[in-house]
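Structure first, then comments.
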Amino acid sequence: MAVEDKYISYRIYLVAFAIFLMAIAIAVKLTNIQWVEGDYYRKLAKERTVRNFVIPANKGNIYSADGSLLATSIPNYEIRFDAVAPKPEAFEKNVKSLSDSLALVLGKPSNFFQNELRKARANKNRYYLVARNLSYTQYFKIKGFPLFNLGAYKGGIIIEQETVREHPIGRIAERTVGYERTSHGASLDGKGIEWAFRKYLNGKDGKILKQKIAKGQWKPIRDINEVDPQDGYDVISTIDVYIQDIAHHALLKQLELYQADHGCVVVMETSTGHVKAISNLGRATDGTYFETTNYAVAESHEPGSTYKLADLMALLEDKKVDTSAVYDSNGGVVVYSGRKVRDSHEGGYGKISLARGFELSSNTVMVQAVYNSYKNEPSKFVNHLNNFGLNRPLGLSIKGEGRPYVPQPSDKHWSNISLPWMAFGYGVSITPMQTLTFYNAVANNGEMVKPQFVSEIKEWNKTIKKYDKEVLNPKVCSQETIKKLKAVLANVVKKGTGSKLYSKDFSMAGKTGTAAANYSKDGGSGKYYISSFVGYFPADHPKYSCIVVVHKPSTALNNYYGADVAGPVFKRIAQKIFTDAPSTNEIKNLDRKIQKQESNYDSYFVKSQKKEQLIPNVKGMSGMDAVALLENLGIKVKAIGVGKVKKQSLQAGQNIVRNTTILLELS
């Protein structure tokens with residue numbers, strides 16, 4: 001019995017010792033949690049209940065050169081209701097008037113909202129959806145409704161905001177305006193002006209502190225943000241909406257007529273390089289056309305006869321031949337290393353001058369001129385092409401510029417046919433924008449300027465950065481050569497391959513191009529054509545240069561030449577700009593006072609001088625006058641649209657709070 005009691009005592013001691021060890025372990029763990037790991041667990045608990053959410057900053061706007069909005073960020077609001085937050089007396093006092101107010105704005109009966117709000121209250125719903133996709137004006141009204149005007153804590157209103165990028169003029173120039181997006185790998189990517197100038201357009205994101213109130217549901221803790229977002233700067237593009245509209249529809253009409261695969265058009269201001277219009281249209285499976293790829297910037301291809309301007313420039317600069325030199329077109333066929341070079345005109349052109357050969361786009365004449373002059377020193381000809389800038393990208397501000405290609409005599413692929421083939425635009429590659437820049441240099445008396453898509457970065461009326469003209473080559477060739485090149489380019493339209501485009505009412509100069517290309521599709525092969533026209537207008541004093549390129553026009557109309565497919569687009573653009581542009585005739589009686597103008601100015605002047613303490617009513621005023629008046633009062637202004645003020649977010653008669661932002665809707 002004593003032995004058994006002894007064993008029992010041992011077991012009791014053993015259990016007690018084990019419990020003692022467990023107690024020590026628990027104490028150590030609690031001490032560790034409290035003093036060592038405590039910060040981690042407190043942080044984890046806080047992150048699961050309270051979290052900072054990012055408020056995306058509004059991007060700056062992109063404007064056209066004439067002040068039209070090309071891209072803008074529109075705030076989009078969602079209103080929810082924390083039905084637990086209001087006290088019972090506050091809820092009962094305001095629920096009817098709140099429902100009446102919501103009915104006026106949201107278009108549903110008052111009893112619908114009253115029933116829904118009461119149901120949310122009964123179910124203790126802390127995240128009831130009141131409305132989504134609200135404009136700033138709608139949000140501002142709802143925020144001031146009974147109950148909601150008590151704020152998040154007392155009134156239960158929950159406001160969530162996001163920004164949406166809109167293109168007010170639609171999909172015109174969409175690829176050039178561009179976009180910024182997050183790709184599948186969560187990395188940023190984009191195109192066009194949006195992407196190239198994102199460091200100016202993108203503002204600084206803000207932060208708002210939210211508390212978790214239910215599964216997947218978060219409510220702002222305070223009515224104010226932890227960090228307010230800062231808007232980005234505005235970008236002023238070189239695009240002219242009027243010229244853009246002309247170019248877009250002229251190209252679209254021709255693509256539809258010839259059922260072409262795709263095409264592009266660019267209109268550039270000669271002296272500055274400002275791109276006034278750019279349209280890139282590709283054919284969808286249903287036969288419609290839309291902006292898919294920036295072909296003008298990205299697509300490098302064999303140009304065909306438009307490349308012959310480089311031939312003539314090199315020949316004249318080296319004084320190898322003059323434009324009066326005569327060549328025999330040999331019945332329209334010449335042979336080099338067993339390969340035939342043919343003229344498009346059956347039987348050739350007989351014996352004609354070099355200038356006439358260029359005007360008629362004779363392959364045989366231009367190839368003979370180049371080959372005979374440079375066959376013993378091809379590097380001299382190629383060096384001219386390199387010096388003209390035809391072998392390197394322009395270094396455009398927007399992403400995705402295609403690389404040109406000019407064969408070099410030192411290349412392993414150089415052959416006996418490389419030189420003659422280059423002379424009529426084959427075996428080389430160049431983008432439409434690069435071709436246009438070269439022709440623009442001739443129009444600009446030899447000064448080659450870089451194409452520009454943006455002229456200025458602004459913060460409201462303050463200039464942050466200005467983009468001046470950038471000269472790529474101050475003189476691509478001598479003035480004597482320029483004079484001769486301009487003469488033959490004008491004759492192309494007057495009496496050459498572009499004679500169908502000639503008009504006595506307005507002058508144009510340029511060059512046609514028709515390149516044949518081979519492609520393989522589904523194991524087969526075939527031939528398609530690239531039709532182009534590039535030049536400038538007016539011919540005597542060039543203001544604009546322009547290129548049109550159409551890929552794969554249907555041969556069903558038995559016509560695929562540059563003059564017939566691309567030329568009419570060029571002519572339509574030049575014609576519309578000439579005939580619709582404001583008159584430049586001298587305006588007399590400039591000092592004559594117009595009573596209506598004087599009255600309007602006097603009215604504005606009185607308002608601007610008055611030291612108002614209340615927000616004025618600017619409805620009906622022009623946007624320009626309204627912005628000036630309000631900013632003089634110390635109010636920040638954000639305007640949407642163009643024209644006169646239709647709505648103002650801060651109502652007339654309210655006290656002025658400096659640096660408050662007012663939204664003006666113009667129409």
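Residue numbering restarts at 1 in every chain; chains get A, B, ... in the order shown in the structure tokens, and ligands count up from 1 in that same order.
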- Message: If we count only C-alpha atoms and set the cut-off at 8 Å, which residues sit around segment 160-173 of chain A, ignoring sequence neighbours fewer than 2 positions away in its own chain? Please answer as a list in words.
- Response: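 My list of contacting residues is Ile55, Pro56, Ala57, Asn58, Leu69, Leu70, Ala71, Thr72, Ser73, Ile74, Pro75, Asn76, Tyr77, Glu78, Ile79, Ile158, Arg175, Thr176, Val177, Gln244, Asp245, His248, Ala277, Ile278, Ser279, Asn280, Phe290 and Glu291 of chain A.
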Residues just named, written with N, CA, C and O atoms as a tab-separated table (two decimals), in the first residue's frame:
chain	number	residue	atom	x	y	z
A	55	ILE	N	-6.10	57.33	-53.69
A	55	ILE	CA	-7.05	58.12	-54.49
A	55	ILE	C	-6.29	58.55	-55.75
A	55	ILE	O	-5.39	59.39	-55.68
A	56	PRO	N	-6.61	57.96	-56.89
A	56	PRO	CA	-5.86	58.31	-58.11
A	56	PRO	C	-6.01	59.80	-58.43
A	56	PRO	O	-7.09	60.37	-58.35
A	57	ALA	N	-4.90	60.41	-58.78
A	57	ALA	CA	-4.92	61.83	-59.16
A	57	ALA	C	-5.54	61.99	-60.54
A	57	ALA	O	-5.45	61.08	-61.38
A	58	ASN	N	-6.18	63.10	-60.76
A	58	ASN	CA	-6.70	63.39	-62.09
A	58	ASN	C	-5.55	63.69	-63.04
A	58	ASN	O	-4.67	64.49	-62.74
A	69	LEU	N	-10.72	69.87	-76.52
A	69	LEU	CA	-10.28	68.79	-75.64
A	69	LEU	C	-10.12	67.50	-76.43
A	69	LEU	O	-11.06	67.04	-77.08
A	70	LEU	N	-8.93	66.91	-76.37
A	70	LEU	CA	-8.69	65.62	-77.01
A	70	LEU	C	-8.80	64.49	-75.99
A	70	LEU	O	-9.21	63.38	-76.33
A	71	ALA	N	-8.39	64.75	-74.76
A	71	ALA	CA	-8.50	63.75	-73.69
A	71	ALA	C	-8.61	64.47	-72.36
A	71	ALA	O	-7.92	65.46	-72.12
A	72	THR	N	-9.49	63.97	-71.51
A	72	THR	CA	-9.68	64.61	-70.21
A	72	THR	C	-10.08	63.56	-69.18
A	72	THR	O	-10.63	62.50	-69.53
A	73	SER	N	-9.82	63.83	-67.92
A	73	SER	CA	-10.21	62.94	-66.83
A	73	SER	C	-11.50	63.46	-66.21
A	73	SER	O	-11.56	64.61	-65.76
A	74	ILE	N	-12.50	62.60	-66.20
A	74	ILE	CA	-13.80	62.97	-65.64
A	74	ILE	C	-13.98	62.24	-64.31
A	74	ILE	O	-13.86	61.01	-64.26
A	75	PRO	N	-14.23	62.96	-63.21
A	75	PRO	CA	-14.47	62.26	-61.94
A	75	PRO	C	-15.79	61.50	-61.98
A	75	PRO	O	-16.79	62.00	-62.49
A	76	ASN	N	-15.76	60.30	-61.45
A	76	ASN	CA	-16.94	59.44	-61.42
A	76	ASN	C	-17.19	59.06	-59.97
A	76	ASN	O	-16.28	58.56	-59.29
A	77	TYR	N	-18.41	59.30	-59.49
A	77	TYR	CA	-18.69	59.13	-58.06
A	77	TYR	C	-19.70	58.02	-57.80
A	77	TYR	O	-20.61	57.78	-58.60
A	78	GLU	N	-19.50	57.38	-56.63
A	78	GLU	CA	-20.45	56.37	-56.15
A	78	GLU	C	-20.83	56.75	-54.72
A	78	GLU	O	-19.97	57.04	-53.89
A	79	ILE	N	-22.14	56.78	-54.45
A	79	ILE	CA	-22.64	57.13	-53.12
A	79	ILE	C	-23.22	55.89	-52.46
A	79	ILE	O	-24.08	55.20	-53.04
A	158	ILE	N	-21.31	57.64	-47.58
A	158	ILE	CA	-20.01	57.09	-47.98
A	158	ILE	C	-19.79	57.49	-49.44
A	158	ILE	O	-20.61	57.18	-50.31
A	175	ARG	N	-4.94	56.86	-81.92
A	175	ARG	CA	-3.64	56.24	-81.68
A	175	ARG	C	-2.56	57.27	-81.37
A	175	ARG	O	-1.59	56.96	-80.68
A	176	THR	N	-2.72	58.48	-81.86
A	176	THR	CA	-1.74	59.52	-81.56
A	176	THR	C	-2.00	60.13	-80.19
A	176	THR	O	-1.06	60.38	-79.44
A	177	VAL	N	-3.27	60.35	-79.84
A	177	VAL	CA	-3.59	60.79	-78.49
A	177	VAL	C	-3.12	59.74	-77.50
A	177	VAL	O	-2.50	60.03	-76.49
A	244	GLN	N	-7.65	67.95	-88.82
A	244	GLN	CA	-7.74	66.52	-88.48
A	244	GLN	C	-9.03	65.91	-89.03
A	244	GLN	O	-9.03	64.81	-89.59
A	245	ASP	N	-10.12	66.63	-88.89
A	245	ASP	CA	-11.41	66.14	-89.39
A	245	ASP	C	-11.39	65.99	-90.91
A	245	ASP	O	-11.88	65.00	-91.45
A	248	HIS	N	-9.02	62.95	-91.79
A	248	HIS	CA	-9.62	61.67	-91.40
A	248	HIS	C	-10.68	61.21	-92.39
A	248	HIS	O	-10.67	60.07	-92.87
A	277	ALA	N	-2.38	67.17	-88.33
A	277	ALA	CA	-3.37	66.10	-88.45
A	277	ALA	C	-2.63	64.79	-88.70
A	277	ALA	O	-1.62	64.77	-89.40
A	278	ILE	N	-3.14	63.71	-88.12
A	278	ILE	CA	-2.59	62.38	-88.38
A	278	ILE	C	-3.71	61.37	-88.19
A	278	ILE	O	-4.38	61.34	-87.16
A	279	SER	N	-3.94	60.57	-89.22
A	279	SER	CA	-5.00	59.57	-89.15
A	279	SER	C	-4.44	58.23	-89.61
A	279	SER	O	-3.73	58.15	-90.62
A	280	ASN	N	-4.73	57.18	-88.85
A	280	ASN	CA	-4.27	55.82	-89.15
A	280	ASN	C	-5.47	54.90	-89.08
A	280	ASN	O	-6.01	54.65	-87.99
A	290	PHE	N	-11.13	51.72	-88.43
A	290	PHE	CA	-10.91	52.42	-87.17
A	290	PHE	C	-9.41	52.50	-86.89
A	290	PHE	O	-8.60	51.84	-87.55
A	291	GLU	N	-9.05	53.32	-85.90
A	291	GLU	CA	-7.64	53.51	-85.55
A	291	GLU	C	-7.13	52.27	-84.82
A	291	GLU	O	-7.57	51.95	-83.72
- Task: as a count of residues only, list the residues of segment 140-359 of chain A assigned to helix (DSSP H, G or I) by DSSP on the backbone atoms of this structure.
- Result: 70
- Item | Neighbour list for Ala65 of chain A as a PyMOL selection string, cut-off 6 Å, only C-alpha atoms, skip fewer than 4 positions in-chain | chain A and resi 237-240
Go ahead and dump the residues you just picked, N, CA, C and O atoms, as a PDB file, in the first residue's frame.
ATOM      1  N   SER A 237      -1.318  69.860 -77.577  1.00  0.00           N
ATOM      2  CA  SER A 237      -0.793  69.173 -78.759  1.00  0.00           C
ATOM      3  C   SER A 237      -0.763  70.119 -79.956  1.00  0.00           C
ATOM      4  O   SER A 237      -1.305  71.226 -79.914  1.00  0.00           O
ATOM      5  N   THR A 238      -0.142  69.659 -81.016  1.00  0.00           N
ATOM      6  CA  THR A 238      -0.076  70.449 -82.250  1.00  0.00           C
ATOM      7  C   THR A 238      -1.256  70.166 -83.180  1.00  0.00           C
ATOM      8  O   THR A 238      -1.413  70.832 -84.202  1.00  0.00           O
ATOM      9  N   ILE A 239      -2.075  69.172 -82.820  1.00  0.00           N
ATOM     10  CA  ILE A 239      -3.198  68.767 -83.672  1.00  0.00           C
ATOM     11  C   ILE A 239      -4.207  69.903 -83.817  1.00  0.00           C
ATOM     12  O   ILE A 239      -4.579  70.549 -82.837  1.00  0.00           O
ATOM     13  N   ASP A 240      -4.644  70.143 -85.045  1.00  0.00           N
ATOM     14  CA  ASP A 240      -5.718  71.091 -85.329  1.00  0.00           C
ATOM     15  C   ASP A 240      -6.964  70.276 -85.666  1.00  0.00           C
ATOM     16  O   ASP A 240      -6.976  69.528 -86.645  1.00  0.00           O
TER      17      ASP A 240
END
- Task: Please provide the set of residues having any atom within 12 Å of Tyr139 of chain A, restricted to only C-alpha atoms, with same-chain residues fewer than 3 positions apart removed, written as a list of chain:residue names.
- Result: A:Pro75, A:Asn76, A:Tyr77, A:Glu78, A:Ile79, A:Arg80, A:Leu102, A:Val105, A:Leu106, A:Val130, A:Ala131, A:Arg132, A:Asn133, A:Leu134, A:Ser135, A:Tyr136, A:Ile142, A:Lys143, A:Gly144, A:Phe145, A:Phe148, A:Asn149, A:Ile157, A:Ile158, A:Ile159, A:Glu160, A:Gln161, A:Ser649
Keeping only C-alpha atoms, write those residues as a PDB file, in the first residue's frame.
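Result went into part32.pdb, see below:
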ATOM      1  CA  PRO A  75     -14.468  62.260 -61.940  1.00  0.00           C
ATOM      2  CA  ASN A  76     -16.940  59.438 -61.424  1.00  0.00           C
ATOM      3  CA  TYR A  77     -18.685  59.134 -58.060  1.00  0.00           C
ATOM      4  CA  GLU A  78     -20.449  56.371 -56.150  1.00  0.00           C
ATOM      5  CA  ILE A  79     -22.645  57.134 -53.117  1.00  0.00           C
ATOM      6  CA  ARG A  80     -23.308  54.501 -50.434  1.00  0.00           C
ATOM      7  CA  LEU A 102     -32.941  61.603 -54.209  1.00  0.00           C
ATOM      8  CA  VAL A 105     -31.932  63.667 -59.020  1.00  0.00           C
ATOM      9  CA  LEU A 106     -32.031  59.910 -59.638  1.00  0.00           C
ATOM     10  CA  VAL A 130     -27.496  54.649 -53.307  1.00  0.00           C
ATOM     11  CA  ALA A 131     -26.176  55.543 -56.787  1.00  0.00           C
ATOM     12  CA  ARG A 132     -23.146  55.025 -58.989  1.00  0.00           C
ATOM     13  CA  ASN A 133     -21.627  56.653 -62.097  1.00  0.00           C
ATOM     14  CA  LEU A 134     -22.509  60.131 -60.864  1.00  0.00           C
ATOM     15  CA  SER A 135     -21.106  63.326 -62.347  1.00  0.00           C
ATOM     16  CA  TYR A 136     -19.471  65.917 -60.134  1.00  0.00           C
ATOM     17  CA  ILE A 142     -26.488  64.629 -53.164  1.00  0.00           C
ATOM     18  CA  LYS A 143     -23.760  65.466 -50.668  1.00  0.00           C
ATOM     19  CA  GLY A 144     -25.844  68.442 -49.543  1.00  0.00           C
ATOM     20  CA  PHE A 145     -29.143  66.531 -49.131  1.00  0.00           C
ATOM     21  CA  PHE A 148     -26.181  63.244 -45.867  1.00  0.00           C
ATOM     22  CA  ASN A 149     -25.133  66.817 -45.127  1.00  0.00           C
ATOM     23  CA  ILE A 157     -22.857  59.020 -46.347  1.00  0.00           C
ATOM     24  CA  ILE A 158     -20.010  57.088 -47.980  1.00  0.00           C
ATOM     25  CA  ILE A 159     -18.405  58.695 -51.037  1.00  0.00           C
ATOM     26  CA  GLU A 160     -16.180  56.761 -53.420  1.00  0.00           C
ATOM     27  CA  GLN A 161     -14.472  58.404 -56.372  1.00  0.00           C
ATOM     28  CA  SER A 649     -20.834  73.539 -59.233  1.00  0.00           C
TER      29      SER A 649
END
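Residues with any atom within 12 Å of Ala516 of chain A, counting only C-alpha atoms and excluding same-chain neighbours fewer than 3 positions away, are His301, Glu302, Pro303, Gly304, Ser305, Ser344, Phe424, Gly425, Tyr426, Gly427, Gly513, Tyr519, Gly526, Lys527, Tyr528, Tyr529, Ile530, Ser531, Ser532, His551, Lys552, Pro553, Tyr560, Tyr561 and Gly562 of chain A.
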Please produce a file of the residues just selected, as a compact mmCIF listing (two decimals), in the first residue's frame, where the atoms kept are N, CA, C and O atoms.
# COMPACT_ATOMS: atom_id res chain seq x y z
N HIS A 301 8.45 50.49 -94.68
CA HIS A 301 8.23 49.64 -95.85
C HIS A 301 8.93 50.24 -97.08
O HIS A 301 9.41 51.39 -97.04
N GLU A 302 8.98 49.47 -98.15
CA GLU A 302 9.55 49.98 -99.40
C GLU A 302 8.66 51.09 -99.94
O GLU A 302 7.46 50.87 -100.15
N PRO A 303 9.21 52.27 -100.19
CA PRO A 303 8.37 53.42 -100.56
C PRO A 303 8.04 53.51 -102.04
O PRO A 303 7.10 54.20 -102.43
N GLY A 304 8.84 52.86 -102.90
CA GLY A 304 8.61 53.03 -104.33
C GLY A 304 9.09 54.38 -104.82
O GLY A 304 10.10 54.92 -104.35
N SER A 305 8.34 54.97 -105.73
CA SER A 305 8.83 56.14 -106.48
C SER A 305 8.97 57.42 -105.67
O SER A 305 9.63 58.36 -106.12
N SER A 344 6.10 51.77 -115.70
CA SER A 344 4.68 51.42 -115.61
C SER A 344 3.97 51.67 -116.94
O SER A 344 2.95 51.03 -117.23
N PHE A 424 14.87 53.26 -107.54
CA PHE A 424 13.42 53.43 -107.72
C PHE A 424 12.63 52.90 -106.52
O PHE A 424 11.50 52.46 -106.62
N GLY A 425 13.28 52.98 -105.32
CA GLY A 425 12.57 52.79 -104.06
C GLY A 425 12.38 51.37 -103.61
O GLY A 425 11.46 51.09 -102.82
N TYR A 426 13.25 50.45 -104.05
CA TYR A 426 13.16 49.06 -103.61
C TYR A 426 14.46 48.66 -102.92
O TYR A 426 15.52 49.23 -103.18
N GLY A 427 14.35 47.69 -102.02
CA GLY A 427 15.52 47.29 -101.25
C GLY A 427 15.84 48.25 -100.12
O GLY A 427 16.82 48.07 -99.39
N GLY A 513 3.74 57.68 -105.82
CA GLY A 513 4.50 56.46 -105.59
C GLY A 513 3.60 55.25 -105.63
O GLY A 513 2.50 55.27 -105.07
N TYR A 519 3.66 39.00 -100.57
CA TYR A 519 3.40 38.52 -99.22
C TYR A 519 2.98 37.06 -99.29
O TYR A 519 2.56 36.55 -100.32
N GLY A 526 1.31 36.14 -103.26
CA GLY A 526 0.57 37.04 -104.14
C GLY A 526 1.23 38.39 -104.15
O GLY A 526 2.25 38.61 -103.51
N LYS A 527 0.65 39.31 -104.85
CA LYS A 527 1.21 40.65 -104.97
C LYS A 527 0.15 41.66 -104.52
O LYS A 527 -1.03 41.49 -104.81
N TYR A 528 0.61 42.67 -103.82
CA TYR A 528 -0.28 43.78 -103.48
C TYR A 528 0.49 45.07 -103.69
O TYR A 528 1.71 45.06 -103.92
N TYR A 529 -0.23 46.19 -103.63
CA TYR A 529 0.38 47.48 -103.95
C TYR A 529 0.28 48.44 -102.76
O TYR A 529 -0.64 48.36 -101.94
N ILE A 530 1.27 49.31 -102.69
CA ILE A 530 1.28 50.40 -101.71
C ILE A 530 1.25 51.70 -102.50
O ILE A 530 2.21 52.01 -103.22
N SER A 531 0.15 52.40 -102.42
CA SER A 531 -0.04 53.63 -103.19
C SER A 531 0.19 54.84 -102.30
O SER A 531 -0.30 54.90 -101.17
N SER A 532 0.95 55.80 -102.80
CA SER A 532 1.27 56.96 -101.95
C SER A 532 1.37 58.25 -102.75
O SER A 532 1.56 58.24 -103.97
N HIS A 551 -2.39 51.01 -98.26
CA HIS A 551 -1.89 49.66 -98.44
C HIS A 551 -2.98 48.72 -98.97
O HIS A 551 -4.11 48.73 -98.47
N LYS A 552 -2.60 47.93 -99.94
CA LYS A 552 -3.45 46.88 -100.51
C LYS A 552 -4.79 47.39 -101.02
O LYS A 552 -5.85 46.87 -100.65
N PRO A 553 -4.80 48.41 -101.86
CA PRO A 553 -6.07 48.80 -102.48
C PRO A 553 -6.53 47.66 -103.39
O PRO A 553 -5.71 46.98 -104.02
N TYR A 560 -4.54 51.15 -109.15
CA TYR A 560 -3.89 51.07 -107.85
C TYR A 560 -2.71 52.05 -107.76
O TYR A 560 -1.90 51.97 -106.86
N TYR A 561 -2.63 52.98 -108.71
CA TYR A 561 -1.51 53.92 -108.74
C TYR A 561 -1.67 55.02 -107.70
O TYR A 561 -2.78 55.42 -107.34
N GLY A 562 -0.53 55.53 -107.25
CA GLY A 562 -0.54 56.55 -106.21
C GLY A 562 -1.34 57.78 -106.56
O GLY A 562 -2.03 58.34 -105.71
- Item | Who sits within 10 Å of segment 117-120 of chain A, only C-alpha atoms, same chain under 4 positions skipped, as a PyMOL selection string | chain A and resi 81-84+91-92+95-96+98-99+111-113+124-130
Write the residues you've just listed into a file as an mmCIF file, in the first residue's frame, and include N, CA and C atoms for each of them.
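part12.cif, freshly written:
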data_model
loop_
_atom_site.group_PDB
_atom_site.id
_atom_site.type_symbol
_atom_site.label_atom_id
_atom_site.label_comp_id
_atom_site.auth_asym_id
_atom_site.auth_seq_id
_atom_site.Cartn_x
_atom_site.Cartn_y
_atom_site.Cartn_z
ATOM 1 N N PHE A 81 -24.484 54.196 -48.335
ATOM 2 C CA PHE A 81 -25.086 54.659 -47.080
ATOM 3 C C PHE A 81 -24.783 53.661 -45.976
ATOM 4 N N ASP A 82 -24.164 54.166 -44.890
ATOM 5 C CA ASP A 82 -23.967 53.370 -43.678
ATOM 6 C C ASP A 82 -25.194 53.575 -42.805
ATOM 7 N N ALA A 83 -26.125 52.619 -42.870
ATOM 8 C CA ALA A 83 -27.420 52.778 -42.202
ATOM 9 C C ALA A 83 -27.319 52.711 -40.683
ATOM 10 N N VAL A 84 -26.189 52.277 -40.144
ATOM 11 C CA VAL A 84 -26.017 52.163 -38.692
ATOM 12 C C VAL A 84 -25.531 53.484 -38.095
ATOM 13 N N PHE A 91 -32.207 60.001 -38.189
ATOM 14 C CA PHE A 91 -32.681 59.225 -39.336
ATOM 15 C C PHE A 91 -34.161 59.490 -39.585
ATOM 16 N N GLU A 92 -34.994 59.407 -38.549
ATOM 17 C CA GLU A 92 -36.438 59.591 -38.704
ATOM 18 C C GLU A 92 -36.786 61.014 -39.137
ATOM 19 N N VAL A 95 -35.267 61.142 -43.161
ATOM 20 C CA VAL A 95 -35.389 60.102 -44.184
ATOM 21 C C VAL A 95 -36.388 60.473 -45.280
ATOM 22 N N LYS A 96 -37.488 61.120 -44.912
ATOM 23 C CA LYS A 96 -38.502 61.493 -45.908
ATOM 24 C C LYS A 96 -37.957 62.574 -46.856
ATOM 25 N N LEU A 98 -34.841 63.302 -47.423
ATOM 26 C CA LEU A 98 -33.736 62.724 -48.190
ATOM 27 C C LEU A 98 -34.274 61.932 -49.381
ATOM 28 N N SER A 99 -35.295 61.144 -49.162
ATOM 29 C CA SER A 99 -35.890 60.356 -50.241
ATOM 30 C C SER A 99 -36.496 61.240 -51.318
ATOM 31 N N ASN A 111 -40.962 57.061 -52.501
ATOM 32 C CA ASN A 111 -41.245 55.933 -51.602
ATOM 33 C C ASN A 111 -40.301 54.755 -51.840
ATOM 34 N N PHE A 112 -39.757 54.660 -53.066
ATOM 35 C CA PHE A 112 -38.774 53.609 -53.340
ATOM 36 C C PHE A 112 -37.536 53.810 -52.467
ATOM 37 N N PHE A 113 -37.020 55.046 -52.458
ATOM 38 C CA PHE A 113 -35.825 55.326 -51.668
ATOM 39 C C PHE A 113 -36.113 55.216 -50.171
ATOM 40 N N LYS A 124 -29.277 46.562 -40.734
ATOM 41 C CA LYS A 124 -27.978 47.052 -40.295
ATOM 42 C C LYS A 124 -26.935 46.990 -41.420
ATOM 43 N N ASN A 125 -27.388 47.382 -42.623
ATOM 44 C CA ASN A 125 -26.520 47.395 -43.808
ATOM 45 C C ASN A 125 -25.615 48.629 -43.729
ATOM 46 N N ARG A 126 -24.336 48.394 -43.683
ATOM 47 C CA ARG A 126 -23.401 49.501 -43.529
ATOM 48 C C ARG A 126 -22.790 49.938 -44.867
ATOM 49 N N TYR A 127 -23.316 49.379 -45.980
ATOM 50 C CA TYR A 127 -22.710 49.690 -47.281
ATOM 51 C C TYR A 127 -23.765 49.655 -48.389
ATOM 52 N N TYR A 128 -24.919 50.232 -48.114
ATOM 53 C CA TYR A 128 -26.022 50.206 -49.080
ATOM 54 C C TYR A 128 -25.714 51.138 -50.262
ATOM 55 N N LEU A 129 -25.876 50.626 -51.471
ATOM 56 C CA LEU A 129 -25.611 51.412 -52.677
ATOM 57 C C LEU A 129 -26.775 52.353 -52.964
ATOM 58 N N VAL A 130 -26.486 53.640 -52.974
ATOM 59 C CA VAL A 130 -27.496 54.649 -53.307
ATOM 60 C C VAL A 130 -27.473 54.943 -54.806
#
